[in-house]
Amino acid sequence: MLACRAVRGATTSATNTAEDILEATEELLRTMLTLNEITVDDMVSVIFTTTTDLNATFPAVAARSMGLDQIPLICTHEMNVPGALPMVVRIMLHVNTERSAADVKHVYLKHARELRPEWAREPVAAAMQD
């Protein structure tokens, strides 16, 4: 049965530069898409958040550069919680899928692995599928 599911992901950026934010975002998004076998036609929308120390660019720019220019994208900041992990980019990707919620592969990379160790993954470099 086809259902709308959310796929969660998080990673960290090395610095607050557009280059590092976009590199981290693209790596995370490609890994999420590849591990869950998501195509552009499956995608409903994407929410990007960053910790408040990342403001050099919008993470959605990485998605647009990957060809996701017809998917609704939005960026916002996470709550500024004292002591929280800094330099984090998070993604909530909404997709139409036949996977059950238990079969969705959430992705946490780099230092963000400490946020959800059970979802820690290795990055996957793969071309996006149409």
# chains A, B, ... in the order shown; residues from 1 in each chain; ligands from 1
call {"tool": "select_by_dssp", "arguments": {"residues": "chain A", "states": "strand (DSSP E)", "output": "PyMOL selection string"}}
result
chain A and resi 3-12+43-50+73-77+88-97+107-108
call {"tool": "closest_atom_pairs", "arguments": {"of": "stretch 77-128 of chain A", "to": "stretch 29-41 of chain A", "cutoff": "12 Å", "atoms": "only C-alpha atoms", "output": "Markdown table"}}
result
| residue | atom | partner | partner_atom | distance |
| --- | --- | --- | --- | --- |
| A:Val89 | CA | A:Leu29 | CA | 10.5 |
| A:Arg90 | CA | A:Leu29 | CA | 9.7 |
| A:Ile91 | CA | A:Leu29 | CA | 7.7 |
| A:Met92 | CA | A:Leu29 | CA | 9.8 |
| A:Leu93 | CA | A:Met32 | CA | 8.6 |
| A:His94 | CA | A:Ile38 | CA | 10.4 |
| A:Val95 | CA | A:Ile38 | CA | 7.7 |
| A:Asn96 | CA | A:Asp41 | CA | 8.5 |
| A:Thr97 | CA | A:Ile38 | CA | 8.3 |
| A:Glu98 | CA | A:Ile38 | CA | 10.9 |
| A:Arg99 | CA | A:Asn36 | CA | 8.8 |
| A:Ser100 | CA | A:Asn36 | CA | 11.4 |
| A:Ala101 | CA | A:Asn36 | CA | 11.5 |
| A:Ala102 | CA | A:Asn36 | CA | 11.9 |
| A:Asp103 | CA | A:Asn36 | CA | 8.7 |
| A:Val104 | CA | A:Asn36 | CA | 6.6 |
| A:Lys105 | CA | A:Asn36 | CA | 6.1 |
| A:His106 | CA | A:Met32 | CA | 7.0 |
| A:Val107 | CA | A:Met32 | CA | 6.1 |
| A:Tyr108 | CA | A:Met32 | CA | 9.3 |
| A:Leu109 | CA | A:Thr31 | CA | 9.3 |
| A:Trp119 | CA | A:Met32 | CA | 11.3 |
| A:Ala120 | CA | A:Thr31 | CA | 11.6 |
| A:Arg121 | CA | A:Thr31 | CA | 8.8 |
| A:Glu122 | CA | A:Thr31 | CA | 8.2 |
| A:Pro123 | CA | A:Thr31 | CA | 5.6 |
| A:Val124 | CA | A:Thr31 | CA | 4.8 |
| A:Ala125 | CA | A:Arg30 | CA | 6.8 |
| A:Ala126 | CA | A:Arg30 | CA | 6.7 |
| A:Ala127 | CA | A:Arg30 | CA | 7.7 |
| A:Met128 | CA | A:Arg30 | CA | 6.9 |
call {"tool": "write_last_selection", "arguments": {"atoms": "N, CA, C and O atoms", "output": "CSV table (one decimal), in the first residue's frame"}}
result
chain,number,residue,atom,x,y,z
A,89,VAL,N,23.2,19.9,10.2
A,89,VAL,CA,22.2,20.0,9.1
A,89,VAL,C,21.3,18.8,9.3
A,89,VAL,O,21.7,17.7,9.4
A,90,ARG,N,19.9,19.1,9.3
A,90,ARG,CA,19.0,18.0,9.4
A,90,ARG,C,18.0,18.1,8.2
A,90,ARG,O,17.8,19.2,7.7
A,91,ILE,N,17.5,16.9,7.8
A,91,ILE,CA,16.6,16.8,6.7
A,91,ILE,C,15.4,16.0,7.2
A,91,ILE,O,15.6,14.9,7.8
A,92,MET,N,14.2,16.4,6.8
A,92,MET,CA,13.0,15.6,6.9
A,92,MET,C,12.5,15.5,5.5
A,92,MET,O,12.0,16.5,5.0
A,93,LEU,N,12.6,14.4,4.9
A,93,LEU,CA,12.2,14.1,3.5
A,93,LEU,C,10.8,13.4,3.5
A,93,LEU,O,10.8,12.3,4.1
A,94,HIS,N,9.8,13.9,2.9
A,94,HIS,CA,8.5,13.3,2.8
A,94,HIS,C,8.4,12.6,1.4
A,94,HIS,O,8.7,13.2,0.4
A,95,VAL,N,8.1,11.3,1.4
A,95,VAL,CA,8.1,10.5,0.2
A,95,VAL,C,6.8,9.6,0.2
A,95,VAL,O,6.3,9.2,1.2
A,96,ASN,N,6.4,9.4,-1.0
A,96,ASN,CA,5.3,8.3,-1.2
A,96,ASN,C,6.0,7.0,-1.5
A,96,ASN,O,6.9,7.0,-2.3
A,97,THR,N,5.7,6.0,-0.7
A,97,THR,CA,6.4,4.8,-0.8
A,97,THR,C,5.5,3.6,-0.3
A,97,THR,O,4.5,3.8,0.4
A,98,GLU,N,5.9,2.4,-0.8
A,98,GLU,CA,5.3,1.2,-0.3
A,98,GLU,C,6.0,0.6,0.9
A,98,GLU,O,5.5,-0.4,1.4
A,99,ARG,N,7.1,1.2,1.3
A,99,ARG,CA,7.9,0.7,2.4
A,99,ARG,C,7.0,0.9,3.7
A,99,ARG,O,6.4,2.0,3.8
A,100,SER,N,7.2,0.0,4.6
A,100,SER,CA,6.5,0.2,5.9
A,100,SER,C,7.4,1.2,6.7
A,100,SER,O,8.6,1.4,6.3
A,101,ALA,N,6.9,1.8,7.7
A,101,ALA,CA,7.6,2.7,8.6
A,101,ALA,C,8.9,2.0,9.1
A,101,ALA,O,10.0,2.6,9.2
A,102,ALA,N,8.8,0.8,9.5
A,102,ALA,CA,9.9,0.0,10.0
A,102,ALA,C,11.0,-0.2,9.0
A,102,ALA,O,12.2,-0.4,9.3
A,103,ASP,N,10.7,-0.2,7.7
A,103,ASP,CA,11.6,-0.4,6.6
A,103,ASP,C,12.3,0.8,6.1
A,103,ASP,O,13.2,0.8,5.3
A,104,VAL,N,11.9,2.0,6.6
A,104,VAL,CA,12.5,3.3,6.2
A,104,VAL,C,13.9,3.3,6.8
A,104,VAL,O,14.0,3.0,8.0
A,105,LYS,N,14.9,3.7,6.0
A,105,LYS,CA,16.3,3.8,6.5
A,105,LYS,C,16.6,5.2,6.8
A,105,LYS,O,16.9,6.0,5.9
A,106,HIS,N,16.6,5.7,8.1
A,106,HIS,CA,17.0,7.0,8.4
A,106,HIS,C,18.5,7.1,8.4
A,106,HIS,O,19.2,6.0,8.6
A,107,VAL,N,19.0,8.3,8.2
A,107,VAL,CA,20.5,8.4,8.0
A,107,VAL,C,21.1,9.5,8.9
A,107,VAL,O,20.7,10.6,8.8
A,108,TYR,N,22.0,9.1,9.7
A,108,TYR,CA,22.8,10.0,10.6
A,108,TYR,C,24.3,9.8,10.3
A,108,TYR,O,24.8,8.7,10.4
A,109,LEU,N,24.9,10.9,9.8
A,109,LEU,CA,26.3,10.8,9.4
A,109,LEU,C,27.2,11.7,10.3
A,109,LEU,O,26.7,12.6,11.0
A,119,TRP,N,20.7,5.0,14.1
A,119,TRP,CA,20.5,5.3,12.6
A,119,TRP,C,21.8,5.8,12.0
A,119,TRP,O,21.8,6.3,10.9
A,120,ALA,N,22.9,5.5,12.7
A,120,ALA,CA,24.2,5.9,12.1
A,120,ALA,C,24.5,5.1,10.8
A,120,ALA,O,24.2,3.9,10.8
A,121,ARG,N,25.0,5.7,9.8
A,121,ARG,CA,25.2,5.1,8.5
A,121,ARG,C,26.6,5.6,8.0
A,121,ARG,O,27.1,6.7,8.4
A,122,GLU,N,27.0,4.9,6.9
A,122,GLU,CA,28.1,5.4,6.1
A,122,GLU,C,27.6,6.2,4.9
A,122,GLU,O,26.5,5.8,4.4
A,123,PRO,N,28.2,7.2,4.5
A,123,PRO,CA,27.7,7.9,3.3
A,123,PRO,C,27.8,7.1,2.1
A,123,PRO,O,28.6,6.2,1.9
A,124,VAL,N,26.9,7.3,1.2
A,124,VAL,CA,26.8,6.6,-0.1
A,124,VAL,C,26.9,7.6,-1.2
A,124,VAL,O,26.2,8.6,-1.2
A,125,ALA,N,27.9,7.4,-2.1
A,125,ALA,CA,28.0,8.3,-3.3
A,125,ALA,C,27.4,7.6,-4.5
A,125,ALA,O,27.8,6.6,-4.9
A,126,ALA,N,26.2,8.2,-4.9
A,126,ALA,CA,25.5,7.6,-6.0
A,126,ALA,C,24.8,8.6,-6.8
A,126,ALA,O,24.4,9.6,-6.2
A,127,ALA,N,24.6,8.4,-8.1
A,127,ALA,CA,23.9,9.3,-8.9
A,127,ALA,C,22.4,9.2,-8.5
A,127,ALA,O,21.9,8.1,-8.2
A,128,MET,N,21.7,10.3,-8.5
A,128,MET,CA,20.3,10.3,-8.2
A,128,MET,C,19.5,9.7,-9.3
A,128,MET,O,19.8,9.9,-10.5
call {"tool": "atom_distance", "arguments": {"atom1": "atom CA of A:Pro82", "atom2": "atom CA of A:Glu27"}}
result
27.1 Å
call {"tool": "closest_residue", "arguments": {"among": "A:Ala60, A:Leu85, A:Ile21, A:Leu115", "to": "A:Ile47", "atoms": "only C-alpha atoms"}}
result
A:Ala60
call {"tool": "closest_residue", "arguments": {"among": "A:Thr12, A:Asp53, A:Phe48, A:Glu118", "to": "A:Pro72", "atoms": "only C-alpha atoms"}}
result
A:Phe48
call {"tool": "closest_residue", "arguments": {"among": "A:Leu2, A:Leu54, A:Cys75, A:Ala84", "to": "A:Ala14", "atoms": "only C-alpha atoms"}}
result
A:Leu54
call {"tool": "closest_residue", "arguments": {"among": "A:Ala56, A:Ala18, A:Val7, A:Met43", "to": "A:Gln70", "atoms": "only C-alpha atoms"}}
result
A:Met43
call {"tool": "decode", "arguments": {"residues": "stretch 27-52 of chain A", "atoms": "N, CA and C atoms", "output": "PDB file, in the first residue's frame"}}
result
ATOM      1  N   GLU A  27      25.745  15.240   0.478  1.00  0.00           N
ATOM      2  CA  GLU A  27      26.146  13.892   0.892  1.00  0.00           C
ATOM      3  C   GLU A  27      25.016  13.209   1.670  1.00  0.00           C
ATOM      4  N   LEU A  28      24.408  13.936   2.593  1.00  0.00           N
ATOM      5  CA  LEU A  28      23.313  13.382   3.394  1.00  0.00           C
ATOM      6  C   LEU A  28      22.111  13.052   2.514  1.00  0.00           C
ATOM      7  N   LEU A  29      21.707  13.987   1.676  1.00  0.00           N
ATOM      8  CA  LEU A  29      20.522  13.778   0.850  1.00  0.00           C
ATOM      9  C   LEU A  29      20.735  12.618  -0.128  1.00  0.00           C
ATOM     10  N   ARG A  30      21.889  12.547  -0.769  1.00  0.00           N
ATOM     11  CA  ARG A  30      22.163  11.432  -1.690  1.00  0.00           C
ATOM     12  C   ARG A  30      22.127  10.082  -0.958  1.00  0.00           C
ATOM     13  N   THR A  31      22.658  10.058   0.251  1.00  0.00           N
ATOM     14  CA  THR A  31      22.651   8.810   1.020  1.00  0.00           C
ATOM     15  C   THR A  31      21.225   8.416   1.381  1.00  0.00           C
ATOM     16  N   MET A  32      20.414   9.374   1.794  1.00  0.00           N
ATOM     17  CA  MET A  32      19.014   9.093   2.123  1.00  0.00           C
ATOM     18  C   MET A  32      18.265   8.546   0.908  1.00  0.00           C
ATOM     19  N   LEU A  33      18.466   9.184  -0.243  1.00  0.00           N
ATOM     20  CA  LEU A  33      17.779   8.769  -1.463  1.00  0.00           C
ATOM     21  C   LEU A  33      18.226   7.380  -1.901  1.00  0.00           C
ATOM     22  N   THR A  34      19.516   7.138  -1.863  1.00  0.00           N
ATOM     23  CA  THR A  34      20.057   5.860  -2.326  1.00  0.00           C
ATOM     24  C   THR A  34      19.641   4.702  -1.431  1.00  0.00           C
ATOM     25  N   LEU A  35      19.815   4.858  -0.123  1.00  0.00           N
ATOM     26  CA  LEU A  35      19.500   3.758   0.798  1.00  0.00           C
ATOM     27  C   LEU A  35      18.016   3.402   0.808  1.00  0.00           C
ATOM     28  N   ASN A  36      17.179   4.383   0.492  1.00  0.00           N
ATOM     29  CA  ASN A  36      15.734   4.145   0.484  1.00  0.00           C
ATOM     30  C   ASN A  36      15.171   3.984  -0.927  1.00  0.00           C
ATOM     31  N   GLU A  37      16.064   3.947  -1.924  1.00  0.00           N
ATOM     32  CA  GLU A  37      15.671   3.769  -3.323  1.00  0.00           C
ATOM     33  C   GLU A  37      14.577   4.746  -3.729  1.00  0.00           C
ATOM     34  N   ILE A  38      14.783   6.019  -3.401  1.00  0.00           N
ATOM     35  CA  ILE A  38      13.806   7.074  -3.669  1.00  0.00           C
ATOM     36  C   ILE A  38      14.126   7.740  -4.998  1.00  0.00           C
ATOM     37  N   THR A  39      13.100   7.907  -5.821  1.00  0.00           N
ATOM     38  CA  THR A  39      13.241   8.641  -7.073  1.00  0.00           C
ATOM     39  C   THR A  39      12.592  10.012  -6.919  1.00  0.00           C
ATOM     40  N   VAL A  40      12.838  10.876  -7.861  1.00  0.00           N
ATOM     41  CA  VAL A  40      12.248  12.225  -7.833  1.00  0.00           C
ATOM     42  C   VAL A  40      10.729  12.130  -7.783  1.00  0.00           C
ATOM     43  N   ASP A  41      10.150  11.216  -8.529  1.00  0.00           N
ATOM     44  CA  ASP A  41       8.691  11.083  -8.555  1.00  0.00           C
ATOM     45  C   ASP A  41       8.103  10.627  -7.223  1.00  0.00           C
ATOM     46  N   ASP A  42       8.916  10.025  -6.361  1.00  0.00           N
ATOM     47  CA  ASP A  42       8.454   9.598  -5.036  1.00  0.00           C
ATOM     48  C   ASP A  42       8.379  10.760  -4.043  1.00  0.00           C
ATOM     49  N   MET A  43       9.130  11.818  -4.321  1.00  0.00           N
ATOM     50  CA  MET A  43       9.314  12.890  -3.337  1.00  0.00           C
ATOM     51  C   MET A  43       8.110  13.822  -3.259  1.00  0.00           C
ATOM     52  N   VAL A  44       7.729  14.167  -2.027  1.00  0.00           N
ATOM     53  CA  VAL A  44       6.621  15.083  -1.772  1.00  0.00           C
ATOM     54  C   VAL A  44       7.163  16.455  -1.387  1.00  0.00           C
ATOM     55  N   SER A  45       8.045  16.524  -0.390  1.00  0.00           N
ATOM     56  CA  SER A  45       8.624  17.782   0.060  1.00  0.00           C
ATOM     57  C   SER A  45       9.830  17.497   0.946  1.00  0.00           C
ATOM     58  N   VAL A  46      10.631  18.552   1.168  1.00  0.00           N
ATOM     59  CA  VAL A  46      11.815  18.410   2.017  1.00  0.00           C
ATOM     60  C   VAL A  46      11.918  19.614   2.947  1.00  0.00           C
ATOM     61  N   ILE A  47      12.112  19.328   4.223  1.00  0.00           N
ATOM     62  CA  ILE A  47      12.371  20.365   5.223  1.00  0.00           C
ATOM     63  C   ILE A  47      13.836  20.235   5.627  1.00  0.00           C
ATOM     64  N   PHE A  48      14.575  21.326   5.526  1.00  0.00           N
ATOM     65  CA  PHE A  48      15.971  21.391   5.946  1.00  0.00           C
ATOM     66  C   PHE A  48      16.042  22.276   7.172  1.00  0.00           C
ATOM     67  N   THR A  49      16.774  21.843   8.189  1.00  0.00           N
ATOM     68  CA  THR A  49      17.043  22.720   9.320  1.00  0.00           C
ATOM     69  C   THR A  49      18.543  22.736   9.572  1.00  0.00           C
ATOM     70  N   THR A  50      18.989  23.827  10.182  1.00  0.00           N
ATOM     71  CA  THR A  50      20.379  23.911  10.621  1.00  0.00           C
ATOM     72  C   THR A  50      20.385  24.454  12.036  1.00  0.00           C
ATOM     73  N   THR A  51      21.435  24.124  12.753  1.00  0.00           N
ATOM     74  CA  THR A  51      21.638  24.791  14.034  1.00  0.00           C
ATOM     75  C   THR A  51      21.935  26.257  13.720  1.00  0.00           C
ATOM     76  N   THR A  52      21.721  27.119  14.684  1.00  0.00           N
ATOM     77  CA  THR A  52      21.818  28.560  14.415  1.00  0.00           C
ATOM     78  C   THR A  52      23.227  29.025  14.076  1.00  0.00           C
TER      79      THR A  52
END
